[in-house]
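Worksheet: the structure to be examined is printed underneath.
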Amino acid sequence: MNIAGNLPPPARIAIVGAAVVIVLAGIREATPILGPLLVAVFFAMITAPAMVWLTRRGVPPLLAAATVVVGLIGIFAGMIAFLGAAFTGFIRTLPQYQASLEARAAVLADYGIDIGRFTIWDYIDQGFVLQQATGIAREIGSIAVDAFLVFVGIGFLLLEGPRLAAVLARYLGAESAPYRHLSQSGKILIDYVVVRTKVNLITGAGTGLFLAVLGVDFAVLWGFIAFVLSYVPYIGLVVAAIPPTLLALIEFGPAGAVAVIAAVALIDAAAENLFLPRMAGRDLNLSPFVVLFSVVFWGFILGAVGIFLAIPLTIAVKLFLESWKETRWIGEMMGSGERQE
């Protein structure tokens, strides 16, 4: 007996809503396990074309998967080494900004504003910094274990990918809607990562170049951070712009800070409104509200992993909803309503 089918629409909606809440609560509690798994699945999907390219050229599957994983490890190791060296240099130069801060204080004193003698450490809670550093040191072991699981998972998923696809095609049917949905989702997610990376390169390179021309210290570091954090829509670039804006304020005064804010805003607007629409297909279009909401929602559910994977996860949900007649209208509402050629 189909009890749910005999219930009125409000009751069915309430039951489905309750089930969704229960599932999301379970996902949130399982974040320590699901987080590394989702990251591994994500990178396995976007590196699958490299795996296929190698195997088609006669490379054994095991060696091809190992090559892709080693390549990923090399990329991330290089990024970590660069960030470590850059941040170490930045911390060492902090005392050098003391003279600039005192000069700004002298200018304010000329206008009758006396903020007294201060040092740069007056504005930094050293106890908080020490506490955070200790916490990070304790987390290094956990991060290392998660990273190991992620890279091992990527390797196994790359090796098992063809077999899993064949099993799904056999049991779901190669022409069935669920199987087509899964295939389409993989392709669209790869397209998203490629497009997002190109746009982020424009944003990061433009930001770094402008800061270098302006003369802001560590321009390459701030440009790189802008590139990475731009994967988090709206919020990421705002966070990335804070350190160079403060440095410009110290080095060049309010005019320098305003120039940095204006330049970053213009670069981001050009990248998001000129380059992204030309590169992205209509399947990547999401409502701006959905984009912002997805960052907050997935960040609440999955933490940092959810913040960086918010858009891919939302695209997957949108495609899933559009695959079924009953939920297609929800998927269409999540879109921007624009159709790109």
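To be explicit about the labels: the chains of the structure tokens are called A, B, and onward in the order shown, and within each one the residues are counted from 1, while ligands get numbers from 1 in the order they are shown.
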
Might you pull out every residue within 8 Å of Glu251 in chain A, with only C-alpha atoms counted and same-chain residues fewer than 4 positions away left off, and present them as a ChimeraX atom specification? /A:97,100,216,247,256

Please identify all polymer residues within 10 Å of range 195-207 of chain A, counting only C-alpha atoms, omitting same-chain residues fewer than 6 positions from it, and present them as a PyMOL selection string. chain A and resi 189+219-231+237+240-241+244+260+263-272+274-281+284

Within 12 Å of range 157-162 of chain A, which residues of range 30-91 of chain A show up? Give each one with its shortest atom-to-atom distance in Å (one decimal) and the two atoms involved, counting only C-alpha atoms, rows by chain then rising residue number, as a tab-separated table.
```
residue	atom	partner	partner_atom	distance
A:Leu37	CA	A:Leu157	CA	10.4
A:Leu38	CA	A:Leu157	CA	11.5
A:Val39	CA	A:Leu157	CA	11.6
A:Ala40	CA	A:Leu157	CA	8.0
A:Val41	CA	A:Leu157	CA	7.3
A:Phe42	CA	A:Leu157	CA	10.2
A:Phe43	CA	A:Leu158	CA	9.6
A:Ala44	CA	A:Leu158	CA	6.0
A:Met45	CA	A:Leu158	CA	8.2
A:Ile46	CA	A:Leu158	CA	10.3
A:Thr47	CA	A:Leu158	CA	8.2
A:Ala48	CA	A:Leu158	CA	6.5
A:Pro49	CA	A:Leu158	CA	9.9
A:Ala50	CA	A:Leu158	CA	9.9
A:Met51	CA	A:Leu158	CA	7.1
A:Val52	CA	A:Leu158	CA	9.3
A:Leu54	CA	A:Leu158	CA	11.8
A:Thr55	CA	A:Leu159	CA	10.8
A:Pro60	CA	A:Leu159	CA	10.4
A:Pro61	CA	A:Leu159	CA	6.6
A:Leu62	CA	A:Leu159	CA	6.9
A:Leu63	CA	A:Leu159	CA	9.9
A:Ala64	CA	A:Leu159	CA	8.9
A:Ala65	CA	A:Leu158	CA	6.1
A:Ala66	CA	A:Leu158	CA	9.4
A:Thr67	CA	A:Leu158	CA	11.0
A:Val68	CA	A:Leu158	CA	9.0
A:Val69	CA	A:Leu158	CA	9.4
```

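CA of Gly153 in chain A to CA of Pro36 in chain A spans 8.6 Å [interatomic distance, one decimal].
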
Within 12 Å of range 301-324 of chain A, which residues of range 151-211 of chain A come that close, and what is the closest atom pair and distance in Å for each? Count only C-alpha atoms and give it as a Markdown table.
```
| residue | atom | partner | partner_atom | distance |
| --- | --- | --- | --- | --- |
| A:Ser176 | CA | A:Ser323 | CA | 10.5 |
| A:Ala177 | CA | A:Ser323 | CA | 6.7 |
| A:Pro178 | CA | A:Ser323 | CA | 7.3 |
| A:Tyr179 | CA | A:Ser323 | CA | 10.2 |
| A:Arg180 | CA | A:Ser323 | CA | 9.0 |
| A:His181 | CA | A:Ser323 | CA | 6.6 |
| A:Leu182 | CA | A:Phe320 | CA | 8.4 |
| A:Ser183 | CA | A:Leu319 | CA | 10.8 |
| A:Gln184 | CA | A:Leu319 | CA | 8.3 |
| A:Ser185 | CA | A:Ala316 | CA | 6.1 |
| A:Gly186 | CA | A:Ala316 | CA | 8.7 |
| A:Lys187 | CA | A:Ala316 | CA | 10.8 |
| A:Ile188 | CA | A:Ile315 | CA | 8.3 |
| A:Leu189 | CA | A:Pro312 | CA | 6.2 |
| A:Ile190 | CA | A:Pro312 | CA | 9.3 |
| A:Asp191 | CA | A:Pro312 | CA | 10.4 |
| A:Tyr192 | CA | A:Pro312 | CA | 7.6 |
| A:Val193 | CA | A:Pro312 | CA | 8.3 |
| A:Val194 | CA | A:Pro312 | CA | 11.9 |
| A:Arg196 | CA | A:Ile311 | CA | 10.2 |
```

Restrict the selected residues to C-alpha atoms and save them as an mmCIF file, in the first residue's frame.
```cif
data_model
loop_
_atom_site.group_PDB
_atom_site.id
_atom_site.type_symbol
_atom_site.label_atom_id
_atom_site.label_comp_id
_atom_site.auth_asym_id
_atom_site.auth_seq_id
_atom_site.Cartn_x
_atom_site.Cartn_y
_atom_site.Cartn_z
ATOM 1 C CA SER A 176 18.421 5.706 -18.282
ATOM 2 C CA ALA A 177 17.903 9.163 -16.806
ATOM 3 C CA PRO A 178 19.887 8.479 -13.585
ATOM 4 C CA TYR A 179 22.917 7.228 -15.515
ATOM 5 C CA ARG A 180 22.802 10.142 -17.952
ATOM 6 C CA HIS A 181 22.505 12.452 -14.971
ATOM 7 C CA LEU A 182 25.615 11.020 -13.340
ATOM 8 C CA SER A 183 27.612 11.251 -16.572
ATOM 9 C CA GLN A 184 26.447 14.800 -17.181
ATOM 10 C CA SER A 185 27.257 15.819 -13.618
ATOM 11 C CA GLY A 186 30.843 14.640 -13.954
ATOM 12 C CA LYS A 187 31.370 16.558 -17.187
ATOM 13 C CA ILE A 188 29.764 19.731 -15.877
ATOM 14 C CA LEU A 189 31.798 19.640 -12.669
ATOM 15 C CA ILE A 190 34.999 19.336 -14.695
ATOM 16 C CA ASP A 191 33.851 22.249 -16.847
ATOM 17 C CA TYR A 192 33.134 24.263 -13.719
ATOM 18 C CA VAL A 193 36.596 23.676 -12.244
ATOM 19 C CA VAL A 194 38.284 24.604 -15.531
ATOM 20 C CA ARG A 196 36.549 28.765 -12.287
#
```

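A straight line drawn from CA of Thr93 in chain A to CA of Gly78 in chain A is 22.8 Å long.
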
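With distances restricted to only C-alpha atoms, A:Phe300 is the closest residue to Arg28 in chain A from A:Phe300, A:Leu286, A:Lys325, A:Leu211.
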
A:Pro288, A:Gly155, A:Gly71, A:Gly236: which is nearest Met333 in chain A, counting only C-alpha atoms? A:Pro288

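For the set A:Val167, A:Val59, A:Leu72, A:Met79, the residue with the smallest atom-to-atom gap to Val150 in chain A is A:Leu72, counting only C-alpha atoms.
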